[in-house]
$ cat final_7.cif   # mmCIF, C-alpha atoms
data_work
#
loop_
_atom_site.label_atom_id
_atom_site.label_comp_id
_atom_site.auth_asym_id
_atom_site.auth_seq_id
_atom_site.Cartn_x
_atom_site.Cartn_y
_atom_site.Cartn_z
CA MET A 1 -3.85 -0.82 17.53
CA THR A 2 -2.47 -4.09 16.36
CA THR A 3 -1.24 -6.79 18.68
CA ILE A 4 2.33 -8.08 18.73
CA ASP A 5 1.23 -11.26 16.95
CA GLU A 6 -0.07 -9.44 13.88
CA PRO A 7 2.33 -8.70 11.01
CA PRO A 8 2.66 -4.90 10.64
CA VAL A 9 3.10 -5.06 6.86
CA GLN A 10 0.96 -6.99 4.42
CA PRO A 11 2.17 -8.19 1.01
CA VAL A 12 -0.07 -7.03 -1.85
CA ASP A 13 -0.26 -8.57 -5.33
CA PHE A 14 -1.66 -7.00 -8.48
CA ALA A 15 -5.31 -7.83 -9.14
CA SER A 16 -7.57 -5.79 -11.39
CA GLU A 17 -11.33 -5.64 -10.86
CA HIS A 18 -11.85 -5.08 -14.59
CA SER A 19 -10.06 -8.09 -16.07
CA VAL A 20 -7.34 -10.52 -15.08
CA ALA A 21 -5.60 -9.59 -18.35
CA LEU A 22 -5.64 -5.82 -17.78
CA PRO A 23 -1.96 -4.85 -17.40
CA VAL A 24 -2.49 -1.37 -15.92
CA GLU A 25 -5.37 -0.01 -13.85
CA VAL A 26 -6.30 3.58 -13.00
CA LEU A 27 -8.04 4.25 -9.68
CA ASP A 28 -9.35 7.41 -8.02
CA TYR A 29 -7.57 7.90 -4.67
CA THR A 30 -10.72 8.74 -2.68
CA GLU A 31 -12.80 6.02 -4.31
CA LEU A 32 -10.05 3.48 -3.60
CA VAL A 33 -10.03 4.38 0.10
CA GLU A 34 -13.82 4.23 0.31
CA ARG A 35 -14.01 0.93 -1.59
CA MET A 36 -11.31 -0.87 0.39
CA GLY A 37 -12.19 0.55 3.82
CA SER A 38 -10.00 1.95 6.57
CA ASP A 39 -9.01 -1.48 7.92
CA TYR A 40 -7.30 -2.31 4.63
CA PHE A 41 -4.98 0.67 5.06
CA ALA A 42 -4.33 0.16 8.79
CA HIS A 43 -1.12 -1.72 8.07
CA ALA A 44 1.79 -0.82 5.86
CA GLN A 45 1.98 -2.74 2.58
CA ARG A 46 4.70 -4.25 0.41
CA PRO A 47 3.35 -4.42 -3.16
CA SER A 48 4.81 -6.81 -5.72
CA PHE A 49 4.00 -4.37 -8.54
CA GLU A 50 4.68 -0.78 -9.56
CA LEU A 51 2.36 1.95 -8.32
CA MET A 52 2.19 5.65 -9.13
CA ILE A 53 0.23 8.45 -7.46
CA PHE A 54 -0.46 11.76 -9.22
CA VAL A 55 -1.83 14.54 -6.98
CA ARG A 56 -4.25 17.00 -8.55
CA ALA A 57 -5.33 18.97 -5.46
CA GLY A 58 -5.15 18.91 -1.67
CA THR A 59 -2.39 17.90 0.71
CA GLY A 60 -1.26 14.91 2.72
CA THR A 61 1.58 12.44 3.12
CA HIS A 62 2.56 8.97 1.94
CA THR A 63 5.29 6.87 3.53
CA ILE A 64 7.77 4.91 1.39
CA ASP A 65 10.51 2.80 2.95
CA PHE A 66 10.17 4.48 6.35
CA GLN A 67 10.25 8.04 4.98
CA ARG A 68 7.23 10.36 4.75
CA HIS A 69 6.74 12.20 1.47
CA ALA A 70 4.52 15.26 1.14
CA LEU A 71 1.55 15.18 -1.21
CA HIS A 72 0.58 18.42 -2.92
CA PRO A 73 -0.67 19.51 -6.35
CA GLY A 74 1.73 18.44 -9.07
CA ARG A 75 3.52 15.88 -6.90
CA ALA A 76 4.00 12.38 -8.33
CA LEU A 77 5.10 9.31 -6.35
CA PHE A 78 6.55 6.12 -7.79
CA ILE A 79 6.57 3.01 -5.58
CA ARG A 80 8.55 0.04 -6.89
CA PRO A 81 8.05 -3.67 -6.17
CA GLY A 82 9.35 -4.66 -2.75
CA GLN A 83 9.25 -1.19 -1.25
CA VAL A 84 7.24 -0.77 1.95
CA GLN A 85 4.55 1.89 1.83
CA GLN A 86 1.95 3.30 4.22
CA TRP A 87 -1.22 5.02 3.10
CA HIS A 88 -2.35 7.85 5.38
CA ILE A 89 -6.05 7.93 4.65
CA GLU A 90 -6.59 11.07 6.70
CA ASN A 91 -5.17 12.86 3.64
CA THR A 92 -7.37 15.42 1.92
CA VAL A 93 -6.12 14.90 -1.60
CA ASP A 94 -7.63 14.65 -5.04
CA ALA A 95 -5.33 12.16 -6.72
CA VAL A 96 -5.21 9.32 -9.18
CA VAL A 97 -3.50 5.99 -8.51
CA VAL A 98 -2.01 3.97 -11.37
CA VAL A 99 -1.01 0.37 -10.71
CA ALA A 100 0.85 -1.85 -13.17
CA SER A 101 1.15 -5.61 -13.24
CA PRO A 102 4.70 -7.06 -13.18
CA ALA A 103 4.33 -7.81 -16.90
CA ALA A 104 3.82 -4.09 -17.60
CA SER A 105 6.50 -2.84 -15.25
CA SER A 106 9.12 -0.40 -16.47
CA ALA A 107 12.25 -1.82 -18.05
CA VAL A 108 14.58 0.14 -15.74
CA SER A 109 14.93 -1.68 -12.42
CA TRP A 110 14.87 0.24 -9.14
CA LEU A 111 18.14 1.16 -7.50
CA PRO A 112 18.49 2.57 -3.97
CA GLY A 113 18.79 6.31 -4.25
CA ASP A 114 16.23 6.55 -7.03
CA ALA A 115 13.87 9.41 -6.23
CA PRO A 116 10.45 8.17 -5.05
CA SER A 117 8.82 11.54 -5.74
CA ALA A 118 8.92 14.25 -8.38
CA ASP A 119 7.24 17.60 -8.82
CA LEU A 120 5.72 17.94 -12.27
CA GLY A 121 5.76 21.32 -13.98
CA LYS A 122 2.62 22.73 -15.60
CA ASP A 123 3.33 21.18 -19.00
CA SER A 124 4.27 17.83 -17.46
CA GLN A 125 1.06 17.83 -15.43
CA THR A 126 -0.91 18.40 -18.61
CA THR A 127 0.88 15.48 -20.25
CA ALA A 128 0.37 13.26 -17.20
CA HIS A 129 -3.36 14.01 -17.08
CA ALA A 130 -3.66 13.24 -20.81
CA LEU A 131 -1.84 9.91 -20.40
CA VAL A 132 -4.00 8.97 -17.41
CA ALA A 133 -7.15 9.89 -19.33
CA ALA A 134 -6.01 7.71 -22.24
CA LEU A 135 -5.38 4.81 -19.84
CA GLU A 136 -8.87 5.25 -18.38
CA ARG A 137 -10.45 5.16 -21.84
CA GLU A 138 -8.57 2.01 -22.78
CA GLN A 139 -9.50 0.50 -19.42
CA GLN A 140 -13.20 1.08 -20.03
CA ARG A 141 -13.17 -0.48 -23.50
CA PHE A 142 -10.53 -3.11 -22.71
CA THR A 143 -10.28 -6.24 -24.80
CA ALA A 144 -7.45 -8.65 -24.10
CA ASP A 145 -5.93 -8.53 -27.56
CA GLU A 146 -2.21 -8.15 -28.19
CA HIS A 147 -2.39 -4.61 -29.60
CA THR A 148 -4.52 -3.20 -26.77
CA ILE A 149 -2.19 -4.67 -24.15
CA LYS A 150 0.81 -3.18 -25.97
CA LEU A 151 -0.93 0.21 -26.14
CA ILE A 152 -1.78 0.27 -22.43
CA THR A 153 1.73 -0.88 -21.51
CA ALA A 154 3.21 1.87 -23.70
CA LEU A 155 1.02 4.52 -22.06
CA PHE A 156 2.25 3.43 -18.63
CA ALA A 157 5.86 3.44 -19.86
CA SER A 158 5.26 7.03 -20.97
CA LEU A 159 4.08 7.97 -17.47
CA VAL A 160 7.23 6.41 -16.02
CA ALA A 161 9.39 8.33 -18.51
CA LEU A 162 7.57 11.54 -17.58
CA PHE A 163 8.28 10.85 -13.90
CA HIS A 164 11.98 10.28 -14.57
CA GLN A 165 12.12 13.42 -16.70
CA ALA A 166 10.81 15.47 -13.75
CA SER A 167 12.89 13.64 -11.14
CA THR A 168 15.84 15.49 -9.66
CA GLY A 169 17.95 12.33 -9.72
CA PRO A 170 20.49 11.75 -12.50
CA GLY A 171 19.59 9.45 -15.37
CA ARG A 172 21.23 6.05 -15.61
CA GLY A 173 23.45 7.31 -18.42
CA ALA A 174 24.87 10.05 -16.17
CA LEU A 175 25.99 7.61 -13.48
CA PRO A 176 29.43 5.95 -13.46
CA PRO A 177 29.18 2.44 -14.98
CA ALA A 178 30.98 0.96 -11.99
CA TYR A 179 28.35 2.41 -9.65
CA VAL A 180 25.43 1.13 -11.72
CA ALA A 181 27.04 -2.31 -12.00
CA PHE A 182 27.69 -2.49 -8.25
CA ARG A 183 24.17 -1.35 -7.37
CA GLY A 184 22.71 -3.84 -9.82
CA ALA A 185 24.79 -6.67 -8.37
CA ILE A 186 23.63 -5.82 -4.86
CA GLU A 187 19.98 -5.83 -5.93
CA SER A 188 20.27 -9.14 -7.77
CA ASP A 189 22.20 -10.94 -5.02
CA LEU A 190 22.03 -8.93 -1.82
CA THR A 191 22.79 -11.85 0.50
CA ARG A 192 25.90 -12.87 -1.41
CA SER A 193 28.35 -11.17 0.91
CA ARG A 194 28.95 -8.24 3.21
CA ASN A 195 32.29 -7.59 1.53
CA VAL A 196 32.65 -5.28 -1.46
CA ARG A 197 35.54 -7.34 -2.85
CA ASP A 198 33.23 -10.32 -3.38
CA PHE A 199 30.95 -8.22 -5.59
CA ALA A 200 33.86 -6.53 -7.36
CA ALA A 201 35.39 -9.86 -8.34
CA GLY A 202 32.49 -10.67 -10.64
CA LEU A 203 32.06 -7.19 -12.13
CA GLY A 204 35.43 -6.56 -13.74
CA TYR A 205 36.13 -3.51 -11.56
CA SER A 206 38.58 -3.08 -8.72
CA GLU A 207 37.27 -2.45 -5.23
CA ARG A 208 38.85 1.01 -5.34
CA THR A 209 37.15 1.90 -8.64
CA ILE A 210 33.75 0.88 -7.24
CA SER A 211 34.31 2.84 -4.05
CA ARG A 212 35.34 5.96 -5.98
CA ALA A 213 32.24 5.64 -8.15
CA CYS A 214 30.01 5.29 -5.07
CA GLN A 215 31.60 8.34 -3.43
CA SER A 216 31.11 10.44 -6.55
CA VAL A 217 27.37 9.66 -6.57
CA THR A 218 26.43 9.26 -2.92
CA GLY A 219 29.34 10.65 -0.90
CA LEU A 220 29.64 7.21 0.70
CA THR A 221 32.22 4.48 0.31
CA ALA A 222 31.18 1.26 -1.41
CA LYS A 223 31.13 -0.49 1.98
CA ALA A 224 28.84 2.20 3.39
CA VAL A 225 26.55 1.88 0.35
CA LEU A 226 26.37 -1.88 0.85
CA ASP A 227 25.71 -1.51 4.59
CA GLU A 228 22.99 1.09 3.92
CA ARG A 229 21.23 -1.26 1.51
CA LEU A 230 21.55 -4.18 3.94
CA MET A 231 20.03 -2.00 6.65
CA LEU A 232 17.07 -1.09 4.43
CA GLU A 233 16.42 -4.75 3.67
CA ALA A 234 16.73 -5.65 7.35
CA LYS A 235 14.13 -2.98 8.20
CA ARG A 236 11.81 -4.29 5.49
CA LEU A 237 12.14 -7.87 6.75
CA LEU A 238 11.57 -6.81 10.35
CA ALA A 239 8.53 -4.84 9.23
CA HIS A 240 6.80 -7.17 6.80
CA SER A 241 7.72 -10.65 8.05
CA ASP A 242 7.64 -12.75 11.19
CA HIS A 243 11.10 -14.21 10.56
CA THR A 244 13.20 -14.62 13.68
CA LEU A 245 16.16 -12.32 14.20
CA ALA A 246 18.45 -15.28 13.55
CA ASN A 247 16.82 -15.88 10.17
CA ILE A 248 16.91 -12.20 9.23
CA SER A 249 20.57 -11.89 10.19
CA THR A 250 21.37 -14.77 7.84
CA MET A 251 19.21 -13.28 5.07
CA VAL A 252 21.20 -10.04 5.13
CA GLY A 253 24.61 -11.73 5.28
CA PHE A 254 25.47 -11.99 8.97
CA SER A 255 26.78 -15.27 10.33
CA GLU A 256 25.84 -14.44 13.92
CA PRO A 257 22.63 -12.81 15.16
CA THR A 258 24.58 -10.92 17.83
CA ASN A 259 26.71 -9.23 15.15
CA PHE A 260 23.57 -8.29 13.23
CA SER A 261 21.99 -6.80 16.36
CA LYS A 262 25.10 -4.74 17.10
CA PHE A 263 25.23 -3.52 13.49
CA PHE A 264 21.54 -2.59 13.50
CA GLU A 265 21.74 -0.75 16.83
CA ARG A 266 24.89 1.11 15.77
CA VAL A 267 23.20 2.43 12.61
CA THR A 268 19.67 3.10 13.90
CA GLY A 269 20.09 3.58 17.65
CA GLN A 270 17.53 0.82 18.23
CA THR A 271 17.78 -2.91 18.66
CA PRO A 272 16.05 -4.96 15.94
CA THR A 273 13.50 -6.14 18.50
CA ASN A 274 12.67 -2.60 19.60
CA PHE A 275 12.40 -1.45 15.98
CA ARG A 276 9.93 -4.22 15.15
CA GLN A 277 7.92 -3.59 18.32
CA SER A 278 7.71 0.14 17.69
CA LEU A 279 6.31 -0.49 14.21
CA ARG A 280 3.61 -2.71 15.60
CA ASP A 281 2.79 -0.34 18.43
CA ASN A 282 2.45 2.62 16.08
CA LEU A 283 0.94 0.80 13.08
CA TYR A 284 3.84 2.11 11.04
CA ARG A 285 2.78 5.73 10.96
CA GLY A 286 6.09 6.87 9.51
CA GLU A 287 7.90 7.82 12.73
CA HIS A 288 10.80 5.55 11.77
#
$ encode --input "final_7.cif" --output "structure tokens"
Amino acid sequence: MTTIDEPPVQPVDFASEHSVALPVEVLDYTELVERMGSDYFAHAQRPSFELMIFVRAGTGTHTIDFQRHALHPGRALFIRPGQVQQWHIENTVDAVVVVASPAASSAVSWLPGDAPSADLGKDSQTTAHALVAALEREQQRFTADEHTIKLITALFASLVALFHQASTGPGRGALPPAYVAFRGAIESDLTRSRNVRDFAAGLGYSERTISRACQSVTGLTAKAVLDERLMLEAKRLLAHSDHTLANISTMVGFSEPTNFSKFFERVTGQTPTNFRQSLRDNLYRGEH
């Protein structure tokens, strides 16, 4: 068990053991756990790169942004930069892990609501295994020339496309433009304001149009969507940093820490302090 002075979430940057220039690396799940050791996975992590897990056999769980996701044959997970994840190394899974440097990351940025998991059908699993095998071959014979890097990056982009194809979430093209624009503005400047009108002013949409778009996709008003995203970021900051509550309240757009604490407790049923303490007491085992 960790002590209260230890951060419960560790930031992780991309670093390949093969070559500093390798843009994408394929790792066996079990070998990764054995190589890094149990202590490495004791804390939750916040990677600065994209990471995919493809399960071939066995069962288990993996926690992403405070939600546990089942692992079973055919299941694929996609963790984006900035998301908080927890490995549960008691899993009994045969899986492959694919990590991509920021330079090789997918062109489509993450938006809240994007599915973190997808179940691949038989044909999609065959395609995924072929793409992973191709990545492994290129990894073994890697030379840092322009064409090889482009090839490896393209193979990873194909895996991402396969994931999105199998995902139950709608494609970007199926979402209302006002919703996509609002979500994008929140992600690029989350601390700008807690008021929807301040985002709407720079997007060319009325506040009502944005709220209707949000309701059509999520069932929530634009204000609720903004508050939900602020809450997720507050949880991440409480989990992965040692910032004071006053600093975190400012970082998520509150002028007074007391207002932030009331907002947090109203949404979660816990005070920010109790939430942070419970993570550290439980080593972030996904109960939250």
$ closest_residue --input "final_7.cif" --among "A:Ser278, A:Thr218, A:Ser117, A:Thr191" --to "A:Ile64" --atoms "all atoms listed in the file"
A:Ser117
$ resolve_selection --input "final_7.cif" --expression "the PyMOL selection byres ((chain A and resi 52-57) around 9)" --output "PyMOL selection string"
chain A and resi 29+50-51+58-59+71-80+92-100+125+128-129+159-160
$ atom_distance --input "final_7.cif" --atom1 "atom CA of A:Ala104" --atom2 "atom CA of A:Glu187"
20.0 Å
$ resolve_selection --input "final_7.cif" --expression "the PyMOL selection byres ((chain A and resi 86-91) around 6)" --output "JSON, numbers by chain"
{"A": [44, 60, 62, 63, 85, 92, 93]}
$ closest_atom_pairs --input "final_7.cif" --of "stretch 82-128 of chain A" --to "stretch 233-242 of chain A" --cutoff "10 Å" --atoms "only C-alpha atoms" --output "CSV"
residue,atom,partner,partner_atom,distance
A:Gly82,CA,A:Arg236,CA,8.6
A:Gln83,CA,A:Arg236,CA,7.8
A:Val84,CA,A:Arg236,CA,6.8
$ closest_residue --input "final_7.cif" --among "A:Glu25, A:Glu228, A:Glu17, A:Glu256" --to "A:Arg183" --atoms "all atoms listed in the file"
A:Glu228
$ resolve_selection --input "final_7.cif" --expression "the PyMOL selection byres ((chain A and resi 155) around 12)" --output "MDAnalysis selection string"
chainID A and resid 23:26 98 100 104:106 127:139 148:154 156:162
$ write_last_selection --input "final_7.cif" --atoms "C-alpha atoms" --output "short mmCIF file (atom, residue, chain, number, x, y, z; two decimals), keeping the file's coordinate frame"
data_model
loop_
_atom_site.label_atom_id
_atom_site.label_comp_id
_atom_site.auth_asym_id
_atom_site.auth_seq_id
_atom_site.Cartn_x
_atom_site.Cartn_y
_atom_site.Cartn_z
CA PRO A 23 -1.96 -4.85 -17.40
CA VAL A 24 -2.49 -1.37 -15.92
CA GLU A 25 -5.37 -0.01 -13.85
CA VAL A 26 -6.30 3.58 -13.00
CA VAL A 98 -2.01 3.97 -11.37
CA ALA A 100 0.85 -1.85 -13.17
CA ALA A 104 3.82 -4.09 -17.60
CA SER A 105 6.50 -2.84 -15.25
CA SER A 106 9.12 -0.40 -16.47
CA THR A 127 0.88 15.48 -20.25
CA ALA A 128 0.37 13.26 -17.20
CA HIS A 129 -3.36 14.01 -17.08
CA ALA A 130 -3.66 13.24 -20.81
CA LEU A 131 -1.84 9.91 -20.40
CA VAL A 132 -4.00 8.97 -17.41
CA ALA A 133 -7.15 9.89 -19.33
CA ALA A 134 -6.01 7.71 -22.24
CA LEU A 135 -5.38 4.81 -19.84
CA GLU A 136 -8.87 5.25 -18.38
CA ARG A 137 -10.45 5.16 -21.84
CA GLU A 138 -8.57 2.01 -22.78
CA GLN A 139 -9.50 0.50 -19.42
CA THR A 148 -4.52 -3.20 -26.77
CA ILE A 149 -2.19 -4.67 -24.15
CA LYS A 150 0.81 -3.18 -25.97
CA LEU A 151 -0.93 0.21 -26.14
CA ILE A 152 -1.78 0.27 -22.43
CA THR A 153 1.73 -0.88 -21.51
CA ALA A 154 3.21 1.87 -23.70
CA PHE A 156 2.25 3.43 -18.63
CA ALA A 157 5.86 3.44 -19.86
CA SER A 158 5.26 7.03 -20.97
CA LEU A 159 4.08 7.97 -17.47
CA VAL A 160 7.23 6.41 -16.02
CA ALA A 161 9.39 8.33 -18.51
CA LEU A 162 7.57 11.54 -17.58
#
$ residues_near_point --input "final_7.cif" --point "(14.8, -3.0, 14.2)" --cutoff "10 Å" --atoms "only C-alpha atoms" --output "list of chain:residue names"
A:Met231, A:Ala234, A:Lys235, A:Arg236, A:Leu237, A:Leu238, A:Ala239, A:Leu245, A:Ser261, A:Phe264, A:Glu265, A:Thr268, A:Gly269, A:Gln270, A:Thr271, A:Pro272, A:Thr273, A:Asn274, A:Phe275, A:Arg276, A:Gln277, A:Ser278, A:Leu279, A:His288
$ atom_distance --input "final_7.cif" --atom1 "atom CA of A:Leu22" --atom2 "atom CA of A:Met36"
19.7 Å
$ build_atoms --input "final_7.cif" --residues "stretch 87-105 of chain A" --atoms "N, CA, C and O atoms" --output "PDB file, keeping the file's coordinate frame"
ATOM      1  N   TRP A  87      -0.219   4.026   3.479  1.00  0.00           N
ATOM      2  CA  TRP A  87      -1.220   5.020   3.100  1.00  0.00           C
ATOM      3  C   TRP A  87      -1.670   5.755   4.363  1.00  0.00           C
ATOM      4  O   TRP A  87      -1.910   5.143   5.397  1.00  0.00           O
ATOM      5  N   HIS A  88      -1.810   7.054   4.282  1.00  0.00           N
ATOM      6  CA  HIS A  88      -2.350   7.850   5.380  1.00  0.00           C
ATOM      7  C   HIS A  88      -3.703   8.385   4.911  1.00  0.00           C
ATOM      8  O   HIS A  88      -3.785   9.422   4.242  1.00  0.00           O
ATOM      9  N   ILE A  89      -4.742   7.649   5.244  1.00  0.00           N
ATOM     10  CA  ILE A  89      -6.050   7.930   4.650  1.00  0.00           C
ATOM     11  C   ILE A  89      -6.728   9.153   5.253  1.00  0.00           C
ATOM     12  O   ILE A  89      -7.824   9.515   4.839  1.00  0.00           O
ATOM     13  N   GLU A  90      -6.065   9.794   6.216  1.00  0.00           N
ATOM     14  CA  GLU A  90      -6.590  11.070   6.700  1.00  0.00           C
ATOM     15  C   GLU A  90      -6.254  12.193   5.717  1.00  0.00           C
ATOM     16  O   GLU A  90      -6.661  13.348   5.908  1.00  0.00           O
ATOM     17  N   ASN A  91      -5.509  11.864   4.664  1.00  0.00           N
ATOM     18  CA  ASN A  91      -5.170  12.860   3.640  1.00  0.00           C
ATOM     19  C   ASN A  91      -6.424  13.496   3.038  1.00  0.00           C
ATOM     20  O   ASN A  91      -7.467  12.845   2.935  1.00  0.00           O
ATOM     21  N   THR A  92      -6.281  14.737   2.639  1.00  0.00           N
ATOM     22  CA  THR A  92      -7.370  15.420   1.920  1.00  0.00           C
ATOM     23  C   THR A  92      -6.846  15.747   0.518  1.00  0.00           C
ATOM     24  O   THR A  92      -6.568  16.901   0.201  1.00  0.00           O
ATOM     25  N   VAL A  93      -6.702  14.701  -0.275  1.00  0.00           N
ATOM     26  CA  VAL A  93      -6.120  14.900  -1.600  1.00  0.00           C
ATOM     27  C   VAL A  93      -7.083  14.417  -2.688  1.00  0.00           C
ATOM     28  O   VAL A  93      -7.854  13.482  -2.505  1.00  0.00           O
ATOM     29  N   ASP A  94      -6.997  15.090  -3.813  1.00  0.00           N
ATOM     30  CA  ASP A  94      -7.630  14.650  -5.040  1.00  0.00           C
ATOM     31  C   ASP A  94      -6.502  14.096  -5.891  1.00  0.00           C
ATOM     32  O   ASP A  94      -5.643  14.849  -6.359  1.00  0.00           O
ATOM     33  N   ALA A  95      -6.463  12.784  -6.044  1.00  0.00           N
ATOM     34  CA  ALA A  95      -5.330  12.160  -6.720  1.00  0.00           C
ATOM     35  C   ALA A  95      -5.789  10.934  -7.488  1.00  0.00           C
ATOM     36  O   ALA A  95      -6.877  10.399  -7.262  1.00  0.00           O
ATOM     37  N   VAL A  96      -4.953  10.523  -8.414  1.00  0.00           N
ATOM     38  CA  VAL A  96      -5.210   9.320  -9.180  1.00  0.00           C
ATOM     39  C   VAL A  96      -4.083   8.328  -8.894  1.00  0.00           C
ATOM     40  O   VAL A  96      -2.920   8.709  -8.731  1.00  0.00           O
ATOM     41  N   VAL A  97      -4.453   7.061  -8.787  1.00  0.00           N
ATOM     42  CA  VAL A  97      -3.500   5.990  -8.510  1.00  0.00           C
ATOM     43  C   VAL A  97      -3.427   5.095  -9.750  1.00  0.00           C
ATOM     44  O   VAL A  97      -4.458   4.673 -10.276  1.00  0.00           O
ATOM     45  N   VAL A  98      -2.222   4.832 -10.213  1.00  0.00           N
ATOM     46  CA  VAL A  98      -2.010   3.970 -11.370  1.00  0.00           C
ATOM     47  C   VAL A  98      -1.184   2.771 -10.933  1.00  0.00           C
ATOM     48  O   VAL A  98      -0.070   2.942 -10.424  1.00  0.00           O
ATOM     49  N   VAL A  99      -1.725   1.577 -11.105  1.00  0.00           N
ATOM     50  CA  VAL A  99      -1.010   0.370 -10.710  1.00  0.00           C
ATOM     51  C   VAL A  99      -0.737  -0.464 -11.954  1.00  0.00           C
ATOM     52  O   VAL A  99      -1.566  -0.555 -12.861  1.00  0.00           O
ATOM     53  N   ALA A 100       0.439  -1.087 -11.997  1.00  0.00           N
ATOM     54  CA  ALA A 100       0.850  -1.850 -13.170  1.00  0.00           C
ATOM     55  C   ALA A 100       1.258  -3.254 -12.769  1.00  0.00           C
ATOM     56  O   ALA A 100       1.993  -3.446 -11.790  1.00  0.00           O
ATOM     57  N   SER A 101       0.783  -4.225 -13.501  1.00  0.00           N
ATOM     58  CA  SER A 101       1.150  -5.610 -13.240  1.00  0.00           C
ATOM     59  C   SER A 101       2.647  -5.790 -13.496  1.00  0.00           C
ATOM     60  O   SER A 101       3.261  -5.000 -14.238  1.00  0.00           O
ATOM     61  N   PRO A 102       3.268  -6.813 -12.919  1.00  0.00           N
ATOM     62  CA  PRO A 102       4.700  -7.060 -13.180  1.00  0.00           C
ATOM     63  C   PRO A 102       5.020  -7.151 -14.667  1.00  0.00           C
ATOM     64  O   PRO A 102       6.092  -6.725 -15.098  1.00  0.00           O
ATOM     65  N   ALA A 103       4.083  -7.674 -15.462  1.00  0.00           N
ATOM     66  CA  ALA A 103       4.330  -7.810 -16.900  1.00  0.00           C
ATOM     67  C   ALA A 103       4.428  -6.448 -17.595  1.00  0.00           C
ATOM     68  O   ALA A 103       5.050  -6.323 -18.644  1.00  0.00           O
ATOM     69  N   ALA A 104       3.814  -5.432 -16.998  1.00  0.00           N
ATOM     70  CA  ALA A 104       3.820  -4.090 -17.600  1.00  0.00           C
ATOM     71  C   ALA A 104       4.820  -3.158 -16.940  1.00  0.00           C
ATOM     72  O   ALA A 104       4.888  -1.984 -17.286  1.00  0.00           O
ATOM     73  N   SER A 105       5.590  -3.679 -15.998  1.00  0.00           N
ATOM     74  CA  SER A 105       6.500  -2.840 -15.250  1.00  0.00           C
ATOM     75  C   SER A 105       7.559  -2.217 -16.146  1.00  0.00           C
ATOM     76  O   SER A 105       7.886  -2.741 -17.210  1.00  0.00           O
TER      77      SER A 105
END
